[in-house]
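S.K.: Pasting model-v3.cif here (mmCIF, C-alpha atoms):
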data_start
loop_
_atom_site.label_atom_id
_atom_site.label_comp_id
_atom_site.auth_asym_id
_atom_site.auth_seq_id
_atom_site.Cartn_x
_atom_site.Cartn_y
_atom_site.Cartn_z
CA MET A 1 -5.12 -91.41 -49.49
CA VAL A 2 -8.10 -93.59 -50.44
CA ILE A 3 -10.08 -92.49 -47.37
CA LEU A 4 -9.41 -88.84 -48.23
CA GLY A 5 -10.55 -89.52 -51.79
CA MET A 6 -13.80 -91.04 -50.54
CA PHE A 7 -14.48 -87.98 -48.40
CA VAL A 8 -13.88 -85.78 -51.44
CA VAL A 9 -16.21 -87.86 -53.63
CA GLY A 10 -18.84 -87.87 -50.88
CA ALA A 11 -18.62 -84.08 -50.70
CA MET A 12 -18.98 -83.91 -54.49
CA ALA A 13 -22.14 -85.99 -54.26
CA LEU A 14 -23.62 -83.73 -51.60
CA LEU A 15 -22.80 -80.68 -53.72
CA GLY A 16 -24.74 -82.11 -56.65
CA ALA A 17 -22.10 -83.79 -58.83
CA PRO A 18 -23.61 -85.97 -61.59
CA LEU A 19 -24.39 -89.51 -60.50
CA PHE A 20 -22.13 -91.14 -63.11
CA VAL A 21 -19.17 -89.03 -61.90
CA VAL A 22 -19.73 -90.13 -58.30
CA LEU A 23 -20.07 -93.81 -59.25
CA LEU A 24 -17.05 -93.67 -61.53
CA ALA A 25 -14.94 -91.97 -58.86
CA PHE A 26 -15.89 -94.56 -56.22
CA GLY A 27 -15.11 -97.37 -58.68
CA MET A 28 -11.68 -95.89 -59.49
CA LEU A 29 -10.88 -95.43 -55.80
CA GLY A 30 -11.94 -98.98 -55.06
CA PHE A 31 -9.83 -100.55 -57.81
CA TYR A 32 -6.88 -98.29 -56.90
CA SER A 33 -7.10 -99.38 -53.26
CA VAL A 34 -6.67 -103.06 -54.21
CA GLY A 35 -4.03 -102.44 -56.86
CA VAL A 36 -6.14 -103.23 -59.93
CA ASP A 37 -5.21 -101.44 -63.16
CA LEU A 38 -7.76 -98.69 -63.86
CA ALA A 39 -7.90 -99.81 -67.50
CA ILE A 40 -10.53 -102.27 -66.26
CA ILE A 41 -13.09 -99.42 -66.22
CA PRO A 42 -13.07 -98.55 -69.96
CA ILE A 43 -12.98 -102.30 -70.68
CA GLU A 44 -16.17 -102.73 -68.65
CA MET A 45 -17.79 -99.78 -70.43
CA TYR A 46 -16.95 -101.31 -73.80
CA ARG A 47 -18.41 -104.64 -72.70
CA LEU A 48 -21.65 -102.81 -71.98
CA VAL A 49 -21.69 -101.02 -75.34
CA ASP A 50 -21.02 -104.32 -77.09
CA THR A 51 -24.28 -105.77 -75.72
CA PRO A 52 -26.64 -106.35 -78.70
CA LEU A 53 -29.72 -105.87 -76.52
CA LEU A 54 -28.65 -102.31 -75.71
CA VAL A 55 -29.55 -101.19 -79.24
CA ALA A 56 -33.20 -101.34 -78.22
CA LEU A 57 -32.86 -98.60 -75.60
CA PRO A 58 -32.14 -95.59 -77.85
CA LEU A 59 -34.60 -96.75 -80.52
CA PHE A 60 -37.53 -97.24 -78.13
CA THR A 61 -36.66 -93.99 -76.35
CA PHE A 62 -36.64 -92.05 -79.63
CA SER A 63 -39.98 -93.62 -80.59
CA GLY A 64 -41.50 -92.54 -77.27
CA TYR A 65 -40.27 -88.97 -77.62
CA LEU A 66 -41.64 -88.77 -81.16
CA LEU A 67 -45.06 -90.12 -80.14
CA SER A 68 -45.30 -87.50 -77.40
CA GLU A 69 -44.65 -84.75 -79.99
CA GLY A 70 -47.82 -85.56 -81.94
CA ASN A 71 -51.46 -85.91 -80.91
CA THR A 72 -51.13 -89.58 -79.95
CA SER A 73 -52.32 -88.85 -76.40
CA THR A 74 -55.58 -87.26 -77.61
CA ARG A 75 -56.35 -90.10 -80.03
CA LEU A 76 -55.55 -92.70 -77.36
CA VAL A 77 -57.92 -91.13 -74.82
CA ASN A 78 -60.71 -90.78 -77.39
CA LEU A 79 -60.33 -94.41 -78.43
CA MET A 80 -60.36 -95.70 -74.84
CA GLN A 81 -63.38 -93.52 -74.04
CA SER A 82 -65.33 -94.88 -77.00
CA LEU A 83 -64.56 -98.47 -75.93
CA PHE A 84 -64.94 -98.25 -72.13
CA GLY A 85 -66.95 -95.11 -71.47
CA TRP A 86 -70.16 -97.16 -71.05
CA LEU A 87 -68.78 -98.83 -67.90
CA PRO A 88 -69.56 -97.41 -64.44
CA SER A 89 -66.95 -94.68 -63.80
CA GLY A 90 -65.87 -95.38 -67.36
CA LEU A 91 -63.80 -92.23 -67.85
CA ALA A 92 -61.63 -93.07 -64.83
CA ILE A 93 -61.04 -96.58 -66.20
CA VAL A 94 -60.19 -95.00 -69.55
CA ALA A 95 -57.66 -92.80 -67.77
CA PHE A 96 -55.99 -95.77 -66.06
CA ILE A 97 -55.67 -97.74 -69.32
CA ALA A 98 -54.61 -94.77 -71.45
CA CYS A 99 -51.92 -93.71 -68.96
CA ALA A 100 -50.58 -97.27 -68.72
CA ILE A 101 -50.29 -97.62 -72.49
CA PHE A 102 -48.81 -94.16 -72.98
CA THR A 103 -46.21 -94.72 -70.22
CA ALA A 104 -45.22 -98.05 -71.78
CA LEU A 105 -44.79 -96.42 -75.18
CA THR A 106 -42.91 -93.33 -73.98
CA GLY A 107 -41.01 -94.99 -71.10
CA ALA A 108 -41.41 -91.94 -68.85
CA SER A 109 -43.91 -91.22 -66.09
CA GLY A 110 -43.45 -87.45 -66.28
CA VAL A 111 -44.20 -87.39 -70.00
CA THR A 112 -47.54 -89.11 -69.35
CA ILE A 113 -48.58 -86.55 -66.73
CA VAL A 114 -47.58 -83.64 -68.94
CA ALA A 115 -49.17 -85.06 -72.10
CA LEU A 116 -52.38 -86.54 -70.66
CA GLY A 117 -52.87 -84.44 -67.52
CA ALA A 118 -54.30 -81.44 -69.36
CA LEU A 119 -56.67 -83.74 -71.28
CA LEU A 120 -57.86 -85.93 -68.42
CA LEU A 121 -58.17 -83.52 -65.49
CA PRO A 122 -60.90 -81.22 -66.92
CA ALA A 123 -62.66 -84.21 -68.52
CA LEU A 124 -62.78 -86.09 -65.20
CA GLN A 125 -64.12 -83.09 -63.32
CA GLN A 126 -66.68 -82.36 -66.02
CA ALA A 127 -67.86 -85.97 -65.78
CA GLY A 128 -68.57 -85.51 -62.06
CA PHE A 129 -65.41 -86.80 -60.37
CA SER A 130 -64.17 -84.67 -57.48
CA GLU A 131 -61.13 -82.46 -57.89
CA LYS A 132 -59.26 -84.45 -55.22
CA PHE A 133 -59.97 -87.79 -56.92
CA SER A 134 -59.04 -86.41 -60.35
CA ASN A 135 -55.74 -84.99 -59.08
CA GLY A 136 -54.88 -88.28 -57.38
CA LEU A 137 -55.73 -90.33 -60.46
CA VAL A 138 -53.63 -88.25 -62.85
CA THR A 139 -50.66 -88.14 -60.45
CA THR A 140 -50.58 -91.86 -59.68
CA SER A 141 -51.50 -93.16 -63.14
CA GLY A 142 -48.46 -91.47 -64.63
CA SER A 143 -46.29 -94.40 -63.59
CA LEU A 144 -48.69 -97.18 -64.60
CA GLY A 145 -47.28 -99.03 -67.55
CA LEU A 146 -43.69 -99.54 -66.40
CA LEU A 147 -44.49 -103.27 -66.43
CA LEU A 148 -45.91 -103.21 -69.95
CA ALA A 149 -43.78 -103.85 -73.04
CA PRO A 150 -41.90 -102.08 -74.53
CA SER A 151 -41.20 -100.12 -71.32
CA VAL A 152 -37.60 -98.86 -71.35
CA PRO A 153 -37.07 -99.49 -67.58
CA LEU A 154 -38.17 -103.10 -68.13
CA ILE A 155 -35.56 -103.51 -70.87
CA LEU A 156 -32.91 -101.78 -68.76
CA TYR A 157 -33.52 -104.16 -65.85
CA GLY A 158 -33.01 -107.06 -68.25
CA VAL A 159 -29.74 -105.58 -69.54
CA VAL A 160 -28.34 -105.06 -66.03
CA ALA A 161 -29.53 -108.42 -64.69
CA GLN A 162 -28.12 -110.36 -67.64
CA GLN A 163 -24.73 -108.68 -67.20
CA LEU A 164 -24.56 -110.15 -63.68
CA ASP A 165 -25.17 -113.71 -64.90
CA VAL A 166 -26.66 -115.00 -61.62
CA GLY A 167 -29.71 -117.16 -61.08
CA GLU A 168 -31.72 -118.81 -63.81
CA PRO A 169 -31.17 -117.35 -67.29
CA PHE A 170 -34.07 -115.44 -68.84
CA THR A 171 -34.90 -113.35 -71.90
CA ILE A 172 -36.38 -109.87 -72.28
CA VAL A 173 -39.43 -111.49 -73.88
CA GLU A 174 -40.00 -113.42 -70.64
CA LEU A 175 -39.83 -110.12 -68.75
CA PHE A 176 -42.43 -108.67 -71.11
CA ILE A 177 -44.75 -111.62 -70.52
CA ALA A 178 -44.17 -111.55 -66.75
CA GLY A 179 -45.34 -107.94 -66.46
CA VAL A 180 -48.76 -108.46 -68.05
CA VAL A 181 -50.67 -110.15 -65.19
CA PRO A 182 -49.27 -107.85 -62.43
CA LEU A 183 -50.25 -104.80 -64.49
CA LEU A 184 -53.75 -106.21 -65.09
CA LEU A 185 -54.00 -106.85 -61.34
CA MET A 186 -53.16 -103.20 -60.60
CA LEU A 187 -55.63 -101.93 -63.19
CA THR A 188 -58.36 -104.27 -61.89
CA LEU A 189 -57.89 -103.21 -58.25
CA LEU A 190 -57.78 -99.51 -59.13
CA SER A 191 -60.84 -99.80 -61.38
CA GLY A 192 -62.76 -101.89 -58.84
CA TRP A 193 -62.10 -99.41 -56.06
CA THR A 194 -63.09 -96.51 -58.33
CA ILE A 195 -66.38 -98.17 -59.29
CA TRP A 196 -67.16 -98.94 -55.63
CA LYS A 197 -66.29 -95.40 -54.53
CA HIS A 198 -68.62 -93.88 -57.13
CA ARG A 199 -71.39 -96.47 -56.84
CA GLY A 200 -74.99 -95.35 -57.04
CA GLY A 201 -74.95 -93.88 -60.54
CA LYS A 202 -73.40 -90.57 -59.54
CA ILE A 203 -71.12 -90.54 -62.57
CA PRO A 204 -72.89 -90.51 -65.96
CA ARG A 205 -71.84 -93.06 -68.54
CA THR A 206 -71.11 -92.60 -72.22
CA ALA A 207 -73.33 -94.80 -74.35
CA PHE A 208 -71.49 -97.34 -76.45
CA ALA A 209 -71.94 -96.47 -80.12
CA LEU A 210 -70.32 -98.27 -83.02
CA PRO A 211 -70.04 -95.11 -85.14
CA THR A 212 -68.10 -93.40 -82.35
CA VAL A 213 -65.80 -96.41 -81.95
CA ARG A 214 -65.23 -96.55 -85.71
CA ALA A 215 -64.45 -92.84 -85.84
CA ALA A 216 -61.98 -93.13 -82.92
CA MET A 217 -60.33 -96.16 -84.50
CA TRP A 218 -60.07 -94.35 -87.83
CA ASP A 219 -58.40 -91.38 -86.12
CA ALA A 220 -55.88 -93.75 -84.52
CA ARG A 221 -55.58 -95.99 -87.58
CA TYR A 222 -51.84 -95.53 -87.94
CA GLU A 223 -51.06 -96.11 -84.25
CA LEU A 224 -53.31 -99.12 -83.72
CA PRO A 225 -51.00 -101.54 -85.59
CA LEU A 226 -47.99 -100.52 -83.45
CA PRO A 227 -48.58 -102.87 -80.47
CA PHE A 228 -49.29 -105.76 -82.86
CA ILE A 229 -46.12 -105.06 -84.85
CA VAL A 230 -43.91 -104.82 -81.77
CA LEU A 231 -45.42 -107.40 -79.42
CA GLY A 232 -46.64 -109.75 -82.12
CA GLY A 233 -43.25 -109.72 -83.84
CA VAL A 234 -41.36 -110.31 -80.58
CA PHE A 235 -43.64 -112.98 -79.10
CA SER A 236 -43.91 -114.87 -82.39
CA GLY A 237 -40.12 -114.91 -82.77
CA VAL A 238 -40.14 -112.93 -86.02
CA PHE A 239 -38.16 -110.07 -84.42
CA ALA A 240 -35.43 -109.96 -81.83
CA ILE A 241 -35.88 -107.11 -79.34
CA SER A 242 -33.33 -104.93 -81.14
CA GLU A 243 -35.03 -105.59 -84.49
CA ALA A 244 -38.45 -104.80 -83.00
CA ALA A 245 -37.05 -101.51 -81.69
CA ALA A 246 -35.74 -100.61 -85.15
CA VAL A 247 -39.06 -101.46 -86.83
CA THR A 248 -40.90 -99.45 -84.16
CA ALA A 249 -38.71 -96.39 -84.70
CA LEU A 250 -39.12 -96.55 -88.48
CA TYR A 251 -42.89 -97.04 -88.23
CA VAL A 252 -43.32 -94.16 -85.75
CA VAL A 253 -41.26 -91.82 -87.96
CA LEU A 254 -43.41 -92.70 -90.98
CA SER A 255 -46.71 -92.39 -89.11
CA GLU A 256 -45.92 -89.08 -87.41
CA THR A 257 -44.15 -87.33 -90.28
CA VAL A 258 -45.72 -88.79 -93.46
CA LEU A 259 -49.11 -90.25 -92.54
CA TYR A 260 -50.34 -87.92 -89.79
CA ARG A 261 -47.98 -85.06 -90.76
CA GLU A 262 -47.98 -83.80 -87.18
CA VAL A 263 -44.20 -83.67 -86.79
CA PRO A 264 -42.35 -81.85 -89.59
CA PHE A 265 -39.18 -83.49 -90.91
CA LYS A 266 -37.18 -80.47 -89.74
CA GLN A 267 -38.19 -81.28 -86.13
CA LEU A 268 -36.82 -84.83 -86.26
CA GLY A 269 -33.29 -83.65 -85.53
CA ARG A 270 -34.41 -81.85 -82.37
CA VAL A 271 -36.39 -84.89 -81.16
CA MET A 272 -33.42 -87.16 -81.87
CA VAL A 273 -31.07 -84.91 -79.90
CA GLU A 274 -33.43 -84.67 -76.93
CA SER A 275 -34.00 -88.41 -76.81
CA MET A 276 -30.32 -89.25 -77.24
CA VAL A 277 -29.38 -86.87 -74.43
CA MET A 278 -31.61 -88.98 -72.21
CA VAL A 279 -30.08 -92.22 -73.55
CA GLY A 280 -26.55 -90.84 -73.18
CA GLY A 281 -27.22 -90.04 -69.54
CA ILE A 282 -28.55 -93.54 -68.94
CA LEU A 283 -25.53 -95.17 -70.61
CA MET A 284 -23.04 -93.03 -68.69
CA ILE A 285 -24.72 -93.96 -65.42
CA LEU A 286 -25.00 -97.60 -66.45
CA GLY A 287 -21.36 -97.91 -67.56
CA SER A 288 -20.07 -96.19 -64.42
CA ALA A 289 -22.33 -98.26 -62.20
CA LEU A 290 -21.21 -101.54 -63.77
CA ALA A 291 -17.57 -100.58 -63.29
CA PHE A 292 -18.33 -99.76 -59.65
CA THR A 293 -20.33 -102.98 -59.34
CA ASN A 294 -17.34 -105.02 -60.54
CA TYR A 295 -15.28 -103.53 -57.72
CA LEU A 296 -18.02 -104.43 -55.23
CA VAL A 297 -18.05 -108.00 -56.58
CA ASP A 298 -14.24 -108.23 -56.36
CA ALA A 299 -14.43 -106.89 -52.81
CA GLU A 300 -17.15 -109.52 -52.07
CA VAL A 301 -19.62 -106.87 -50.88
CA PRO A 302 -22.71 -108.73 -52.22
CA GLN A 303 -21.45 -111.93 -50.59
CA SER A 304 -20.99 -110.10 -47.27
CA LEU A 305 -24.45 -108.56 -47.56
CA MET A 306 -25.86 -111.98 -48.39
CA LEU A 307 -24.16 -113.57 -45.38
CA PHE A 308 -25.38 -110.79 -43.08
CA LEU A 309 -28.96 -111.12 -44.24
CA GLN A 310 -28.96 -114.90 -44.15
CA THR A 311 -27.57 -114.77 -40.61
CA HIS A 312 -30.24 -112.36 -39.38
CA ILE A 313 -33.11 -113.12 -41.79
CA SER A 314 -33.76 -116.78 -42.46
CA ASN A 315 -37.32 -116.36 -43.75
CA VAL A 316 -37.78 -115.40 -47.40
CA TRP A 317 -41.07 -113.64 -46.54
CA THR A 318 -39.24 -111.34 -44.12
CA PHE A 319 -36.57 -110.65 -46.73
CA LEU A 320 -39.24 -109.71 -49.28
CA LEU A 321 -40.85 -107.33 -46.77
CA LEU A 322 -37.50 -105.65 -46.12
CA LEU A 323 -36.82 -105.57 -49.87
CA ASN A 324 -40.08 -103.72 -50.55
CA ILE A 325 -39.41 -101.15 -47.83
CA VAL A 326 -35.94 -100.41 -49.25
CA LEU A 327 -37.19 -100.25 -52.84
CA LEU A 328 -40.08 -97.92 -51.99
CA ALA A 329 -37.59 -95.54 -50.38
CA MET A 330 -35.26 -95.80 -53.38
CA GLY A 331 -38.15 -95.23 -55.77
CA ALA A 332 -39.01 -91.99 -53.99
CA LEU A 333 -35.43 -90.74 -53.77
CA LEU A 334 -33.87 -91.82 -57.10
CA ASP A 335 -35.00 -91.68 -60.70
CA ILE A 336 -35.86 -95.15 -61.98
CA PHE A 337 -32.79 -95.55 -64.20
CA SER A 338 -30.38 -94.69 -61.39
CA ALA A 339 -32.24 -97.01 -59.02
CA ILE A 340 -31.96 -99.91 -61.47
CA VAL A 341 -28.25 -99.58 -62.16
CA ILE A 342 -27.34 -98.99 -58.50
CA MET A 343 -29.62 -101.42 -56.68
CA VAL A 344 -30.06 -104.40 -59.04
CA PRO A 345 -26.38 -105.50 -58.93
CA LEU A 346 -26.53 -105.48 -55.13
CA LEU A 347 -29.95 -107.04 -54.68
CA LEU A 348 -30.09 -109.68 -57.41
CA PRO A 349 -27.39 -112.05 -56.02
CA VAL A 350 -28.95 -111.80 -52.56
CA ALA A 351 -32.47 -112.40 -53.87
CA VAL A 352 -31.32 -115.43 -55.87
CA SER A 353 -29.76 -116.87 -52.73
CA TYR A 354 -33.25 -116.79 -51.18
CA GLY A 355 -34.64 -118.69 -54.17
CA ILE A 356 -36.26 -115.67 -55.86
CA HIS A 357 -36.32 -115.88 -59.66
CA PRO A 358 -34.62 -112.93 -61.42
CA VAL A 359 -37.78 -112.29 -63.47
CA HIS A 360 -39.90 -112.16 -60.30
CA LEU A 361 -37.41 -109.76 -58.71
CA GLY A 362 -37.63 -107.53 -61.79
CA ILE A 363 -41.42 -107.29 -61.53
CA ILE A 364 -41.21 -106.59 -57.78
CA PHE A 365 -38.54 -103.97 -58.43
CA LEU A 366 -40.52 -102.08 -61.07
CA ALA A 367 -43.79 -102.36 -59.15
CA ASN A 368 -42.05 -100.62 -56.25
CA MET A 369 -40.69 -97.96 -58.59
CA GLU A 370 -44.23 -97.29 -59.84
CA ILE A 371 -45.37 -96.57 -56.29
CA GLY A 372 -42.15 -94.75 -55.38
CA TYR A 373 -42.88 -92.19 -58.10
CA PHE A 374 -45.73 -90.77 -55.98
CA THR A 375 -44.52 -91.65 -52.47
CA PRO A 376 -44.40 -88.53 -50.24
CA PRO A 377 -42.57 -86.37 -49.61
CA VAL A 378 -40.29 -86.40 -52.67
CA GLY A 379 -41.81 -88.75 -55.27
CA MET A 380 -41.11 -87.34 -58.74
CA ASN A 381 -44.74 -87.53 -59.93
CA LEU A 382 -45.82 -85.29 -57.07
CA PHE A 383 -43.55 -82.47 -58.20
CA ILE A 384 -44.40 -82.90 -61.89
CA SER A 385 -48.12 -82.88 -61.13
CA SER A 386 -47.78 -79.91 -58.83
CA TYR A 387 -46.14 -77.97 -61.65
CA ARG A 388 -48.37 -79.23 -64.48
CA LEU A 389 -51.69 -79.13 -62.64
CA LYS A 390 -50.78 -76.05 -60.56
CA LYS A 391 -51.74 -77.74 -57.29
CA PRO A 392 -49.99 -77.49 -53.87
CA LEU A 393 -47.91 -80.52 -52.91
CA LEU A 394 -49.85 -81.04 -49.67
CA ASP A 395 -53.08 -81.36 -51.65
CA LEU A 396 -51.47 -83.98 -53.87
CA TYR A 397 -50.17 -85.92 -50.84
CA SER A 398 -53.73 -86.46 -49.57
CA ALA A 399 -55.15 -86.98 -53.07
CA THR A 400 -52.73 -89.81 -53.90
CA LEU A 401 -52.99 -91.64 -50.55
CA PRO A 402 -56.02 -93.88 -51.43
CA PHE A 403 -54.44 -94.83 -54.76
CA MET A 404 -51.17 -95.60 -52.99
CA LEU A 405 -52.94 -97.96 -50.56
CA ILE A 406 -54.57 -99.83 -53.48
CA MET A 407 -51.22 -100.12 -55.25
CA LEU A 408 -49.59 -101.40 -52.04
CA VAL A 409 -52.21 -104.17 -51.88
CA ALA A 410 -51.30 -105.09 -55.46
CA LEU A 411 -47.60 -104.99 -54.54
CA VAL A 412 -48.12 -107.41 -51.65
CA LEU A 413 -49.94 -109.85 -53.95
CA ILE A 414 -47.26 -109.54 -56.65
CA THR A 415 -44.50 -110.06 -54.07
CA TYR A 416 -45.90 -113.04 -52.21
CA ILE A 417 -47.61 -114.85 -55.12
CA PRO A 418 -44.73 -115.45 -57.55
CA GLN A 419 -46.99 -117.28 -60.01
CA LEU A 420 -48.59 -113.96 -60.94
CA SER A 421 -45.27 -113.18 -62.64
CA LEU A 422 -43.95 -116.67 -63.34
CA TRP A 423 -47.10 -118.49 -64.51
CA PHE A 424 -45.53 -119.26 -67.91
CA ILE A 425 -42.23 -120.63 -66.49
CA ASN A 426 -42.18 -124.35 -65.72
#
Take the structure in this file and express it as structure tokens.
M.R.:
Amino acid sequence: MVILGMFVVGAMALLGAPLFVVLLAFGMLGFYSVGVDLAIIPIEMYRLVDTPLLVALPLFTFSGYLLSEGNTSTRLVNLMQSLFGWLPSGLAIVAFIACAIFTALTGASGVTIVALGALLLPALQQAGFSEKFSNGLVTTSGSLGLLLAPSVPLILYGVVAQQLDVGEPFTIVELFIAGVVPLLLMLTLLSGWTIWKHRGGKIPRTAFALPTVRAAMWDARYELPLPFIVLGGVFSGVFAISEAAAVTALYVVLSETVLYREVPFKQLGRVMVESMVMVGGILMILGSALAFTNYLVDAEVPQSLMLFLQTHISNVWTFLLLLNIVLLAMGALLDIFSAIVIMVPLLLPVAVSYGIHPVHLGIIFLANMEIGYFTPPVGMNLFISSYRLKKPLLDLYSATLPFMLIMLVALVLITYIPQLSLWFIN
């Protein structure tokens, strides 16, 4: 009976059934097979909902959706250009930084490509960058920023990892701090390669002018305090994460509807619905996955996986190599939220057994997801860019390859030098 049920659920998955339905069905079959009352599943879902940290997810998601409705992307690019346009290949560096910040604020790679792609692509080409380079930059930079607070995937990893209660305890604030140096490493390597590639003064610079900087800062005057309110409040201990999310949402509503007046009040309901549909999907997947994960724990699947790996892989360096290969494949095949709720419960206990800190694993995990977004043949950024920029997929494959190699170098350094992520942990 159980075997037949698994075949049916497998067929449902192949036919396109929603992920949460598949996970929930497998969890129910698993508990049924060992005689556990199925009431355990709604109990697990309630335990998830009762997590105080989870309040931050819908609030940060709503804030990101609302920011993308206004002209935040234009003001951000103009500000970065006024500050960094004087550097060699300055506009490309502006693009890297602007995309990273916008992705962190909105929590979605696709939103960054859609919002900033139309701004950056013609500007890059007009500045003298080749079409191939410009396409590759816009496609790959869409996922930069997943390691920067208040990235929703970063928070979600913390929620899932803390539910498992394995390894050394950590806070979301520590995750936020841990992501800063790896992100700076990625930006530095990408910028350094870009400057070297366009050496010789081929790309004109924009002269640094205080009046231009002041004008750009004035245009973005209501958004500039946002990082200081969120990060300053969290790191100083004034706000908990959930409180920072609430303050962020309130501030963004006021800035976009009252101060800038770019989003009418009557549109707030639509933005709320769209953002909460996204959050609802995440929570359904997360609740179902945790119920399924509990069955796997009861069935000692992580322990069996751990024993198998420790029998065949005694070296932590080899395990990390295998981990990156698996995560890159998952990043290309699954959306980031599904990958987190499916893979973290399986991988975290195993990683801890090899002495890997949960915070370090989180940074490795999300760094892989960043690259997975544009990994051929099915990385999500490739399809979004193909649609938004109206470019063939094959052209984007070749355009993103150099950027992918640079990001892989950064990934190797992040993976094998834990202090890049854990420098603040004694």
S.K.: Which residues come within 12 Å of region 411-423 of chain A, counting only C-alpha atoms, excluding same-chain residues fewer than 2 positions away, as a PyMOL selection string?
M.R.: chain A and resi 147+170+174-186+189+316-325+327-328+355-372+404-409+425-426
S.K.: Separation of CA of Gly27 (chain A) and CA of Ala161 (chain A), in Å?
M.R.: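 Going from CA of Gly27 (chain A) over to CA of Ala161 (chain A) covers 19.1 Å.
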S.K.: In terms of the shortest atom-to-atom distance over all atoms listed in the file, which of A:Val263, A:Val352, A:Pro376, A:Ser242 is closest to Pro169 (chain A)?
M.R.: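 Result for the nearest residue to Pro169 (chain A): A:Val352.
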S.K.: Which residue gives the smallest distance to Val341 (chain A) among A:Leu268, A:Ala209, A:Ile97, A:Val160, with only C-alpha atoms counted?
M.R.: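 Using only C-alpha atoms, Val341 (chain A) sits closest to A:Val160.
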S.K.: Nearest residue to Leu87 (chain A) out of A:Asn381, A:Thr188, A:Ser33, A:Thr206, using all atoms listed in the file?
M.R.: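 Of the candidates, the smallest distance to Leu87 (chain A) is held by A:Thr206.
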S.K.: Please provide the set of residues having any atom within 10 Å of region 393-402 of chain A, restricted to all atoms listed in the file, with same-chain residues fewer than 2 positions apart removed, written as a ChimeraX atom specification.
M.R.: /A:131-141,190,193,374-379,381-387,390-391,404-408
S.K.: Quick check on the file I pasted: which residues fall under the PyMOL selection byres ((chain A and resi 143) around 8)? Write them as an MDAnalysis selection string.
M.R.: chainID A and resid 99:100 103 108:110 112 140:142 144:146 370:371 373 381
S.K.: Compile the contact shell of Gly233 (chain A) as a count of residues only: residues with an atom at most 12 Å away, counting all atoms listed in the file, same-chain residues fewer than 4 positions apart removed.
M.R.: 18
S.K.: Please identify all polymer residues within 10 Å of region 215-220 of chain A, counting all atoms listed in the file, omitting same-chain residues fewer than 5 positions from it, and present them as a VMD selection string.
M.R.: chain A and resid 71 to 72 74 to 83 210 225 260
